[in-house]
Amino acid sequence: MALNNAQYNEIMHEYETKQLKSRAEADKRRDYVYAHVPGFKELDQMIPSISVDFEIGRLSGDNQSMDVLRQKLAAVTMRKKSLLKEAGLPEDYLEPIFECPDCKDTGYIGNEKCHCFMQRTIKLLYASSNLELLTSTNNFGRLSESYYGGDDLTHFQAAEKISKTFVKNFRTDYQNIIFYGTVGTGKTFLSICIAKELLDRGTSVIYFSSSDLFRQLSDYSFDYNSKSELENLSDYLYNCELLIIDDLGTELTNSFVIAQLFTILNERDLRHRSTIISTNLNPQEIHGRYQDRVFSRIMSHFQLLKLTGSDIRLQKAKR
């Protein structure tokens with residue numbers, strides 16, 4: 001699930017292409033202004049000289065000279081804006097053009113990956129994962145209550161309502177959900193329905209089956225040559241806007257898994273990043289398998305939604 005070197009290079013090449021495109025457009029606009037706005041080029045050429053004089057004044061401690069140069073630079077800047085306006089062009093016509101103004105199309109803000117880098121990564125991984133297939137067959141448009149009755153229907157309707165509220169308030173209300181209950185009662189279905197809605201709104205979503213998640217973490221953690229892959233995977237797990245862990249309890253649970261699960265839940269909670277878990281385990285079984293720290297995190301930070309009833313897959317097979 002983590003980016004490999006080829007995928008990382010692909011994304012960085014896209015950023016380089018964006019920067020080249022931006023510079024080419026900026027050069028084109030500047031050439032146009034120089035050719036069609038009389039006096040602008042001369043003003044533009046004054047700025048380097050003023051900047052050099054300003055630096056000399058700063059180094060020599062000549063504050064009076066610096067004040068004069070500040071005023072001169074401000075006057076040149078204002079005159080340039082006036083000339084653009086008189087020519088029918090916006091004042092920011094020559095400002096750099098970026099698809100992402102936050103990172104200026106570099107992919108990074110300081111040493112941290114920009115949100116646009118994360119979004120591009122998620123799209124790349126999404127296209128190569130089974131989440132794309134899952135969301136094509138599991139969405140709120142295919143939801144049916146006909147497989148439930150009595151208390152089972154009441155439970156499902158409550159979970160459905162909360163799931164839709166989760167989507168509606170996702171940007172403003174930090175929430176976590178754990179769907180638990182018997183096999184085949186719609187836990188994964190509702191998780192993927194939520195994923196589909198949020199993906200369509202541009203949210204970064206990562207989906208893992210529990211067994212695949214901890215297998216990858218184990219493979220990368222105990223392979224020295226996979227250090228970068230582990231760092232990338234951890235970055236996505238901690239920072240994506242929504243993480244879905246499906247079928248918790250199907251993995252081979254050991255001390256490594258328990259420690260990793262706690263770290264993921266704790267890091268995401270610190271960042272206020274939402275998590276959805278589905279499991280066939282009840283709260284007592286979760287406590288017994290994952291111990292106090294994980295159980296405490298789930299009970300205090302997750303909304304527990306119980307789903308019950310007959311296995312829907314078996315019901316479909318009989319119809």
# chains A, B, ... in the order shown; residues from 1 in each chain; ligands from 1
call {"tool": "residues_around", "arguments": {"residues": "segment 189-203 of chain A", "least_positions_apart": "6", "cutoff": "9 Å", "atoms": "only C-alpha atoms", "output": "JSON, numbers by chain"}}
result
{"A": [119, 131, 132, 134, 135, 136, 138, 139, 140, 141, 143, 159, 160, 163, 164, 166, 167, 170, 179, 240, 241, 242, 244, 246, 276, 277, 278]}
call {"tool": "write_last_selection", "arguments": {"atoms": "N, CA, C and O atoms", "output": "compact mmCIF listing (two decimals), in the first residue's frame"}}
result
# COMPACT_ATOMS: atom_id res chain seq x y z
N GLN A 119 -2.94 13.95 -1.26
CA GLN A 119 -4.12 13.65 -2.07
C GLN A 119 -3.73 12.92 -3.35
O GLN A 119 -4.39 11.97 -3.77
N LEU A 131 -10.04 -0.83 -3.22
CA LEU A 131 -11.04 0.13 -2.77
C LEU A 131 -11.85 0.66 -3.95
O LEU A 131 -13.04 0.93 -3.83
N GLU A 132 -11.19 0.79 -5.09
CA GLU A 132 -11.90 1.26 -6.29
C GLU A 132 -13.01 0.29 -6.67
O GLU A 132 -14.12 0.69 -7.01
N LEU A 134 -14.40 -1.97 -4.61
CA LEU A 134 -15.36 -2.05 -3.51
C LEU A 134 -16.37 -0.91 -3.56
O LEU A 134 -17.57 -1.12 -3.35
N THR A 135 -15.93 0.30 -3.86
CA THR A 135 -16.85 1.44 -3.89
C THR A 135 -17.78 1.41 -5.09
O THR A 135 -18.80 2.10 -5.10
N SER A 136 -17.44 0.62 -6.09
CA SER A 136 -18.33 0.50 -7.26
C SER A 136 -19.54 -0.37 -6.94
O SER A 136 -20.58 -0.28 -7.61
N ASN A 138 -20.42 -1.08 -3.43
CA ASN A 138 -20.90 -0.77 -2.08
C ASN A 138 -21.04 0.73 -1.93
O ASN A 138 -20.04 1.45 -1.79
N ASN A 139 -22.27 1.23 -1.98
CA ASN A 139 -22.52 2.65 -1.81
C ASN A 139 -23.95 2.83 -1.31
O ASN A 139 -24.77 1.91 -1.37
N PHE A 140 -24.24 4.02 -0.80
CA PHE A 140 -25.56 4.25 -0.21
C PHE A 140 -26.69 4.05 -1.22
O PHE A 140 -27.83 3.76 -0.83
N GLY A 141 -26.41 4.19 -2.50
CA GLY A 141 -27.43 3.99 -3.51
C GLY A 141 -27.88 2.54 -3.61
O GLY A 141 -28.96 2.24 -4.13
N LEU A 143 -28.05 0.57 -0.88
CA LEU A 143 -28.44 0.17 0.46
C LEU A 143 -29.87 -0.37 0.47
O LEU A 143 -30.77 0.19 -0.15
N ALA A 159 -27.33 2.67 12.66
CA ALA A 159 -25.98 2.73 12.10
C ALA A 159 -25.98 3.49 10.77
O ALA A 159 -25.05 4.25 10.48
N GLU A 160 -27.02 3.29 9.97
CA GLU A 160 -27.14 4.00 8.70
C GLU A 160 -27.24 5.51 8.92
O GLU A 160 -26.56 6.31 8.26
N SER A 163 -23.93 6.89 10.08
CA SER A 163 -22.96 6.87 8.98
C SER A 163 -23.15 8.08 8.07
O SER A 163 -22.18 8.72 7.66
N LYS A 164 -24.40 8.40 7.77
CA LYS A 164 -24.67 9.55 6.90
C LYS A 164 -24.35 10.87 7.61
O LYS A 164 -23.88 11.81 6.98
N PHE A 166 -22.00 11.12 9.85
CA PHE A 166 -20.53 11.11 9.84
C PHE A 166 -20.02 11.78 8.57
O PHE A 166 -19.10 12.61 8.61
N VAL A 167 -20.60 11.42 7.43
CA VAL A 167 -20.19 12.01 6.15
C VAL A 167 -20.53 13.50 6.11
O VAL A 167 -19.70 14.33 5.74
N PHE A 170 -18.20 15.60 8.36
CA PHE A 170 -16.82 15.12 8.40
C PHE A 170 -15.81 16.25 8.56
O PHE A 170 -14.83 16.12 9.30
N PHE A 179 -17.81 -0.49 13.79
CA PHE A 179 -18.94 -1.36 13.51
C PHE A 179 -18.59 -2.75 14.03
O PHE A 179 -17.57 -3.32 13.63
N CYS A 240 -3.65 10.38 6.70
CA CYS A 240 -4.78 10.42 5.76
C CYS A 240 -6.04 10.84 6.53
O CYS A 240 -6.17 10.61 7.73
N GLU A 241 -6.95 11.46 5.83
CA GLU A 241 -8.12 12.04 6.52
C GLU A 241 -9.04 10.97 7.08
O GLU A 241 -9.69 11.19 8.11
N LEU A 242 -9.14 9.83 6.41
CA LEU A 242 -9.94 8.72 6.94
C LEU A 242 -9.20 7.42 6.71
O LEU A 242 -8.78 7.12 5.59
N ILE A 244 -9.68 3.28 7.17
CA ILE A 244 -10.62 2.20 7.43
C ILE A 244 -9.84 0.92 7.65
O ILE A 244 -9.05 0.51 6.79
N ASP A 246 -10.60 -2.88 8.17
CA ASP A 246 -11.71 -3.83 8.01
C ASP A 246 -11.36 -5.18 8.61
O ASP A 246 -10.22 -5.65 8.51
N ILE A 276 -12.30 4.40 11.00
CA ILE A 276 -13.44 3.47 11.06
C ILE A 276 -12.88 2.06 11.15
O ILE A 276 -11.99 1.69 10.39
N ILE A 277 -13.41 1.30 12.08
CA ILE A 277 -13.01 -0.10 12.24
C ILE A 277 -14.25 -0.97 12.13
O ILE A 277 -15.31 -0.62 12.65
N SER A 278 -14.11 -2.10 11.43
CA SER A 278 -15.18 -3.10 11.46
C SER A 278 -14.60 -4.38 12.04
O SER A 278 -13.43 -4.72 11.81
call {"tool": "select_by_dssp", "arguments": {"residues": "segment 107-261 of chain A", "states": "alpha helix (DSSP H)", "output": "PyMOL selection string"}}
result
chain A and resi 115-127+131-137+150-168+187-200+210-221+227-239+255-261
call {"tool": "closest_residue", "arguments": {"among": "A:Ala6, A:Leu217, A:Ile11, A:Ile97", "to": "Ser234 of chain A", "atoms": "only C-alpha atoms"}}
result
A:Leu217
call {"tool": "residues_around", "arguments": {"residues": "segment 288-300 of chain A", "least_positions_apart": "6", "cutoff": "9 Å", "atoms": "only C-alpha atoms", "output": "mmCIF file with N, CA, C and O atoms, in the first residue's frame"}}
result
data_model
loop_
_atom_site.group_PDB
_atom_site.id
_atom_site.type_symbol
_atom_site.label_atom_id
_atom_site.label_comp_id
_atom_site.auth_asym_id
_atom_site.auth_seq_id
_atom_site.Cartn_x
_atom_site.Cartn_y
_atom_site.Cartn_z
ATOM 1 N N ASN A 176 -15.010 9.001 15.205
ATOM 2 C CA ASN A 176 -14.503 7.669 14.882
ATOM 3 C C ASN A 176 -15.640 6.677 15.091
ATOM 4 O O ASN A 176 -16.482 6.862 15.981
ATOM 5 N N ILE A 177 -15.649 5.636 14.280
ATOM 6 C CA ILE A 177 -16.721 4.635 14.364
ATOM 7 C C ILE A 177 -16.110 3.242 14.410
ATOM 8 O O ILE A 177 -15.139 2.963 13.694
ATOM 9 N N ILE A 178 -16.711 2.364 15.225
ATOM 10 C CA ILE A 178 -16.407 0.943 15.139
ATOM 11 C C ILE A 178 -17.713 0.201 14.928
ATOM 12 O O ILE A 178 -18.641 0.306 15.741
ATOM 13 N N GLY A 249 -9.318 -8.406 13.906
ATOM 14 C CA GLY A 249 -9.449 -9.683 14.595
ATOM 15 C C GLY A 249 -9.166 -10.870 13.702
ATOM 16 O O GLY A 249 -8.990 -11.992 14.190
ATOM 17 N N THR A 253 -2.958 -12.089 15.856
ATOM 18 C CA THR A 253 -2.694 -11.075 16.867
ATOM 19 C C THR A 253 -1.537 -11.481 17.773
ATOM 20 O O THR A 253 -1.503 -12.589 18.297
ATOM 21 N N ASN A 254 -0.586 -10.568 17.938
ATOM 22 C CA ASN A 254 0.549 -10.782 18.834
ATOM 23 C C ASN A 254 0.963 -9.430 19.405
ATOM 24 O O ASN A 254 0.310 -8.409 19.167
ATOM 25 N N SER A 255 2.062 -9.407 20.157
ATOM 26 C CA SER A 255 2.484 -8.161 20.804
ATOM 27 C C SER A 255 2.821 -7.079 19.786
ATOM 28 O O SER A 255 2.574 -5.883 20.015
ATOM 29 N N VAL A 257 1.424 -6.654 16.758
ATOM 30 C CA VAL A 257 0.154 -6.140 16.238
ATOM 31 C C VAL A 257 -0.502 -5.208 17.250
ATOM 32 O O VAL A 257 -0.988 -4.128 16.896
ATOM 33 N N ILE A 258 -0.531 -5.613 18.509
ATOM 34 C CA ILE A 258 -1.160 -4.788 19.541
ATOM 35 C C ILE A 258 -0.457 -3.436 19.652
ATOM 36 O O ILE A 258 -1.099 -2.386 19.724
ATOM 37 N N ALA A 259 0.876 -3.459 19.642
ATOM 38 C CA ALA A 259 1.638 -2.213 19.733
ATOM 39 C C ALA A 259 1.397 -1.319 18.525
ATOM 40 O O ALA A 259 1.228 -0.099 18.656
ATOM 41 N N LEU A 261 -1.253 -1.332 16.492
ATOM 42 C CA LEU A 261 -2.635 -0.842 16.503
ATOM 43 C C LEU A 261 -2.767 0.327 17.477
ATOM 44 O O LEU A 261 -3.396 1.345 17.145
ATOM 45 N N PHE A 262 -2.193 0.203 18.651
ATOM 46 C CA PHE A 262 -2.254 1.308 19.615
ATOM 47 C C PHE A 262 -1.591 2.562 19.043
ATOM 48 O O PHE A 262 -2.131 3.670 19.161
ATOM 49 N N LEU A 265 -3.874 4.200 16.388
ATOM 50 C CA LEU A 265 -5.029 4.863 16.986
ATOM 51 C C LEU A 265 -4.611 6.108 17.752
ATOM 52 O O LEU A 265 -5.270 7.150 17.687
ATOM 53 N N ASN A 266 -3.509 6.020 18.467
ATOM 54 C CA ASN A 266 -3.040 7.147 19.268
ATOM 55 C C ASN A 266 -2.564 8.300 18.390
ATOM 56 O O ASN A 266 -2.928 9.469 18.621
ATOM 57 N N ASP A 269 -5.498 9.967 16.708
ATOM 58 C CA ASP A 269 -6.270 10.766 17.657
ATOM 59 C C ASP A 269 -5.561 12.087 17.949
ATOM 60 O O ASP A 269 -6.201 13.145 18.030
#
call {"tool": "residues_around", "arguments": {"residues": "Leu243 of chain A", "least_positions_apart": "3", "cutoff": "6 Å", "atoms": "only C-alpha atoms", "output": "PyMOL selection string"}}
result
chain A and resi 205-206+275
call {"tool": "write_last_selection", "arguments": {"atoms": "N, CA and C atoms", "output": "CSV table (one decimal), in the first residue's frame"}}
result
chain,number,residue,atom,x,y,z
A,205,VAL,N,-8.7,8.9,1.6
A,205,VAL,CA,-9.2,7.7,2.4
A,205,VAL,C,-8.2,6.5,2.1
A,206,ILE,N,-7.8,5.8,3.1
A,206,ILE,CA,-7.1,4.6,3.0
A,206,ILE,C,-7.9,3.4,3.6
A,275,THR,N,-11.1,7.5,12.1
A,275,THR,CA,-10.8,6.1,11.8
A,275,THR,C,-12.1,5.4,11.9
call {"tool": "residues_around", "arguments": {"residues": "segment 219-227 of chain A", "least_positions_apart": "2", "cutoff": "12 Å", "atoms": "only C-alpha atoms", "output": "short mmCIF file (atom, residue, chain, number, x, y, z; two decimals) with C-alpha atoms, in the first residue's frame"}}
result
data_model
loop_
_atom_site.label_atom_id
_atom_site.label_comp_id
_atom_site.auth_asym_id
_atom_site.auth_seq_id
_atom_site.Cartn_x
_atom_site.Cartn_y
_atom_site.Cartn_z
CA MET A 1 0.00 0.00 0.00
CA ALA A 2 2.96 2.36 0.49
CA LEU A 3 4.40 4.18 -2.51
CA ASN A 4 7.26 2.40 -4.20
CA ASN A 5 10.17 4.36 -5.67
CA ASP A 212 -3.06 -6.95 5.06
CA LEU A 213 -2.31 -3.92 7.23
CA PHE A 214 -0.35 -5.76 9.87
CA ARG A 215 1.33 -8.03 7.35
CA GLN A 216 2.71 -5.01 5.50
CA LEU A 217 3.76 -3.31 8.72
CA GLU A 229 8.52 2.11 2.57
CA LEU A 230 7.79 1.85 6.31
CA GLU A 231 8.15 5.61 6.74
CA ASN A 232 5.81 6.26 3.82
CA LEU A 233 3.23 3.76 5.03
CA SER A 234 3.31 5.18 8.55
CA PHE A 256 3.70 -6.51 17.58
CA VAL A 257 0.15 -6.14 16.24
CA GLN A 260 1.14 -1.14 16.12
#
call {"tool": "closest_atom_pairs", "arguments": {"of": "segment 42-96 of chain A", "to": "segment 26-38 of chain A", "cutoff": "12 Å", "atoms": "only C-alpha atoms", "output": "CSV"}}
result
residue,atom,partner,partner_atom,distance
A:Glu42,CA,A:Pro38,CA,8.6
A:Leu43,CA,A:Pro38,CA,9.9
A:Asp44,CA,A:Tyr34,CA,9.3
A:Gln45,CA,A:Tyr34,CA,10.9
A:Arg79,CA,A:Pro38,CA,11.9
A:Lys80,CA,A:Val37,CA,9.7
A:Lys81,CA,A:Val37,CA,11.2
A:Ser82,CA,A:Val37,CA,10.7
A:Leu83,CA,A:Val37,CA,6.9
A:Leu84,CA,A:Val37,CA,7.3
A:Lys85,CA,A:Val37,CA,10.1
A:Glu86,CA,A:Val37,CA,8.8
A:Ala87,CA,A:Val37,CA,6.6
A:Gly88,CA,A:Val37,CA,10.0
A:Leu89,CA,A:Val33,CA,9.2
A:Pro90,CA,A:Val33,CA,11.6
A:Glu91,CA,A:Val33,CA,11.8
A:Asp92,CA,A:Arg29,CA,11.1
A:Tyr93,CA,A:Arg29,CA,7.6
A:Leu94,CA,A:Ala26,CA,6.5
A:Glu95,CA,A:Ala26,CA,7.7
A:Pro96,CA,A:Ala26,CA,6.5
call {"tool": "closest_residue", "arguments": {"among": "A:Glu145, A:Thr182, A:Thr263, A:Lys187", "to": "Leu281 of chain A", "atoms": "only C-alpha atoms"}}
result
A:Thr182
call {"tool": "select_by_dssp", "arguments": {"residues": "segment 22-245 of chain A", "states": "strand (DSSP E or B)", "output": "list of chain:residue names"}}
result
A:Tyr108, A:Ile109, A:Glu112, A:Lys113, A:Ile177, A:Ile178, A:Phe179, A:Tyr180, A:Gly181, A:Val205, A:Ile206, A:Tyr207, A:Phe208, A:Ser209, A:Leu242, A:Leu243, A:Ile244, A:Ile245
call {"tool": "atom_distance", "arguments": {"atom1": "atom CA of Phe54 of chain A", "atom2": "atom CA of Arg70 of chain A"}}
result
7.8 Å
call {"tool": "closest_residue", "arguments": {"among": "A:Thr106, A:Ser218, A:Ser274, A:Thr77", "to": "Arg171 of chain A", "atoms": "only C-alpha atoms"}}
result
A:Ser274
call {"tool": "residues_around", "arguments": {"residues": "segment 309-316 of chain A", "least_positions_apart": "2", "cutoff": "9 Å", "atoms": "only C-alpha atoms", "output": "number ranges by chain"}}
result
A: 147-149, 151-153, 181-186, 307, 318-319
call {"tool": "write_last_selection", "arguments": {"atoms": "N, CA and C atoms", "output": "PDB file, in the first residue's frame"}}
result
ATOM      1  N   TYR A 147     -33.140  -6.935   4.306  1.00  0.00           N
ATOM      2  CA  TYR A 147     -32.501  -8.117   4.898  1.00  0.00           C
ATOM      3  C   TYR A 147     -32.583  -8.120   6.421  1.00  0.00           C
ATOM      4  N   TYR A 148     -33.235  -7.088   6.991  1.00  0.00           N
ATOM      5  CA  TYR A 148     -33.296  -6.946   8.437  1.00  0.00           C
ATOM      6  C   TYR A 148     -34.741  -6.926   8.918  1.00  0.00           C
ATOM      7  N   GLY A 149     -34.908  -7.292  10.164  1.00  0.00           N
ATOM      8  CA  GLY A 149     -36.221  -7.229  10.791  1.00  0.00           C
ATOM      9  C   GLY A 149     -36.080  -7.067  12.287  1.00  0.00           C
ATOM     10  N   ASP A 151     -35.288  -6.075  15.961  1.00  0.00           N
ATOM     11  CA  ASP A 151     -34.163  -5.342  16.561  1.00  0.00           C
ATOM     12  C   ASP A 151     -33.003  -5.204  15.577  1.00  0.00           C
ATOM     13  N   ASP A 152     -32.837  -6.212  14.714  1.00  0.00           N
ATOM     14  CA  ASP A 152     -31.765  -6.135  13.719  1.00  0.00           C
ATOM     15  C   ASP A 152     -31.959  -4.924  12.819  1.00  0.00           C
ATOM     16  N   LEU A 153     -33.201  -4.673  12.413  1.00  0.00           N
ATOM     17  CA  LEU A 153     -33.498  -3.519  11.569  1.00  0.00           C
ATOM     18  C   LEU A 153     -33.266  -2.219  12.332  1.00  0.00           C
ATOM     19  N   GLY A 181     -20.249  -6.766  15.396  1.00  0.00           N
ATOM     20  CA  GLY A 181     -21.419  -7.647  15.427  1.00  0.00           C
ATOM     21  C   GLY A 181     -21.169  -8.923  14.655  1.00  0.00           C
ATOM     22  N   THR A 182     -22.217  -9.608  14.359  1.00  0.00           N
ATOM     23  CA  THR A 182     -22.117 -10.923  13.722  1.00  0.00           C
ATOM     24  C   THR A 182     -21.711 -10.813  12.261  1.00  0.00           C
ATOM     25  N   VAL A 183     -21.301 -11.949  11.711  1.00  0.00           N
ATOM     26  CA  VAL A 183     -20.781 -12.000  10.346  1.00  0.00           C
ATOM     27  C   VAL A 183     -21.869 -11.651   9.332  1.00  0.00           C
ATOM     28  N   GLY A 184     -21.487 -10.854   8.317  1.00  0.00           N
ATOM     29  CA  GLY A 184     -22.363 -10.603   7.179  1.00  0.00           C
ATOM     30  C   GLY A 184     -23.545  -9.716   7.461  1.00  0.00           C
ATOM     31  N   THR A 185     -23.410  -8.766   8.375  1.00  0.00           N
ATOM     32  CA  THR A 185     -24.556  -7.919   8.728  1.00  0.00           C
ATOM     33  C   THR A 185     -24.422  -6.481   8.234  1.00  0.00           C
ATOM     34  N   GLY A 186     -23.422  -6.202   7.403  1.00  0.00           N
ATOM     35  CA  GLY A 186     -23.333  -4.884   6.774  1.00  0.00           C
ATOM     36  C   GLY A 186     -22.266  -3.974   7.326  1.00  0.00           C
ATOM     37  N   LEU A 307     -24.256  -4.250  14.857  1.00  0.00           N
ATOM     38  CA  LEU A 307     -25.101  -4.770  13.782  1.00  0.00           C
ATOM     39  C   LEU A 307     -25.335  -6.260  14.032  1.00  0.00           C
ATOM     40  N   LYS A 318     -29.996 -17.445  -1.271  1.00  0.00           N
ATOM     41  CA  LYS A 318     -31.256 -18.190  -1.226  1.00  0.00           C
ATOM     42  C   LYS A 318     -32.347 -17.537  -2.049  1.00  0.00           C
ATOM     43  N   ARG A 319     -32.138 -16.310  -2.432  1.00  0.00           N
ATOM     44  CA  ARG A 319     -33.198 -15.581  -3.185  1.00  0.00           C
ATOM     45  C   ARG A 319     -33.118 -15.843  -4.680  1.00  0.00           C
TER      46      ARG A 319
END
call {"tool": "decode", "arguments": {"residues": "segment 6-71 of chain A", "atoms": "C-alpha atoms", "output": "JSON list (two decimals), in the first residue's frame"}}
result
[["chain", "number", "residue", "atom", "x", "y", "z"],
["A", 6, "ALA", "CA", 8.68, 4.39, -9.17],
["A", 7, "GLN", "CA", 5.38, 5.82, -7.90],
["A", 8, "TYR", "CA", 7.17, 8.45, -5.80],
["A", 9, "ASN", "CA", 9.28, 9.47, -8.80],
["A", 10, "GLU", "CA", 6.14, 9.64, -10.93],
["A", 11, "ILE", "CA", 4.54, 12.12, -8.52],
["A", 12, "MET", "CA", 7.70, 14.24, -8.23],
["A", 13, "HIS", "CA", 7.97, 14.32, -12.04],
["A", 14, "GLU", "CA", 4.42, 15.67, -12.15],
["A", 15, "TYR", "CA", 5.42, 18.48, -9.78],
["A", 16, "GLU", "CA", 8.46, 19.30, -11.93],
["A", 17, "THR", "CA", 6.21, 19.45, -14.98],
["A", 18, "LYS", "CA", 3.82, 21.81, -13.18],
["A", 19, "GLN", "CA", 6.71, 24.11, -12.22],
["A", 20, "LEU", "CA", 8.04, 24.20, -15.78],
["A", 21, "LYS", "CA", 4.55, 24.99, -17.06],
["A", 22, "SER", "CA", 4.16, 27.76, -14.47],
["A", 23, "ARG", "CA", 7.51, 29.33, -15.39],
["A", 24, "ALA", "CA", 6.69, 29.17, -19.10],
["A", 25, "GLU", "CA", 3.35, 30.88, -18.53],
["A", 26, "ALA", "CA", 4.98, 33.54, -16.34],
["A", 27, "ASP", "CA", 7.60, 34.25, -19.02],
["A", 28, "LYS", "CA", 4.88, 34.46, -21.66],
["A", 29, "ARG", "CA", 2.87, 36.96, -19.62],
["A", 30, "ARG", "CA", 5.93, 39.07, -18.82],
["A", 31, "ASP", "CA", 6.92, 39.22, -22.48],
["A", 32, "TYR", "CA", 3.38, 40.33, -23.33],
["A", 33, "VAL", "CA", 3.43, 43.09, -20.71],
["A", 34, "TYR", "CA", 6.87, 44.33, -21.79],
["A", 35, "ALA", "CA", 5.64, 44.54, -25.38],
["A", 36, "HIS", "CA", 2.21, 46.10, -24.72],
["A", 37, "VAL", "CA", 2.49, 48.18, -21.54],
["A", 38, "PRO", "CA", 4.79, 51.18, -22.14],
["A", 39, "GLY", "CA", 7.11, 51.98, -19.24],
["A", 40, "PHE", "CA", 6.56, 48.71, -17.36],
["A", 41, "LYS", "CA", 9.83, 47.09, -18.44],
["A", 42, "GLU", "CA", 11.84, 50.10, -17.30],
["A", 43, "LEU", "CA", 10.15, 50.05, -13.88],
["A", 44, "ASP", "CA", 10.74, 46.32, -13.59],
["A", 45, "GLN", "CA", 14.43, 46.77, -14.34],
["A", 46, "MET", "CA", 14.77, 49.32, -11.55],
["A", 47, "ILE", "CA", 13.91, 46.78, -8.83],
["A", 48, "PRO", "CA", 17.21, 44.78, -8.83],
["A", 49, "SER", "CA", 19.23, 47.98, -8.48],
["A", 50, "ILE", "CA", 17.04, 49.23, -5.61],
["A", 51, "SER", "CA", 17.33, 45.83, -3.93],
["A", 52, "VAL", "CA", 21.13, 45.87, -4.15],
["A", 53, "ASP", "CA", 21.28, 49.40, -2.69],
["A", 54, "PHE", "CA", 18.92, 48.33, 0.08],
["A", 55, "GLU", "CA", 21.15, 45.37, 1.00],
["A", 56, "ILE", "CA", 24.22, 47.63, 1.06],
["A", 57, "GLY", "CA", 22.37, 50.00, 3.38],
["A", 58, "ARG", "CA", 21.32, 47.14, 5.64],
["A", 59, "LEU", "CA", 24.87, 45.82, 5.92],
["A", 60, "SER", "CA", 26.25, 49.28, 6.67],
["A", 61, "GLY", "CA", 23.51, 50.10, 9.16],
["A", 62, "ASP", "CA", 22.32, 53.12, 7.17],
["A", 63, "ASN", "CA", 18.70, 53.15, 8.36],
["A", 64, "GLN", "CA", 17.89, 56.49, 6.72],
["A", 65, "SER", "CA", 18.99, 55.22, 3.32],
["A", 66, "MET", "CA", 16.98, 52.04, 3.84],
["A", 67, "ASP", "CA", 13.82, 54.04, 4.60],
["A", 68, "VAL", "CA", 14.26, 56.05, 1.39],
["A", 69, "LEU", "CA", 14.79, 52.88, -0.63],
["A", 70, "ARG", "CA", 11.70, 51.26, 0.94],
["A", 71, "GLN", "CA", 9.62, 54.23, -0.16]]
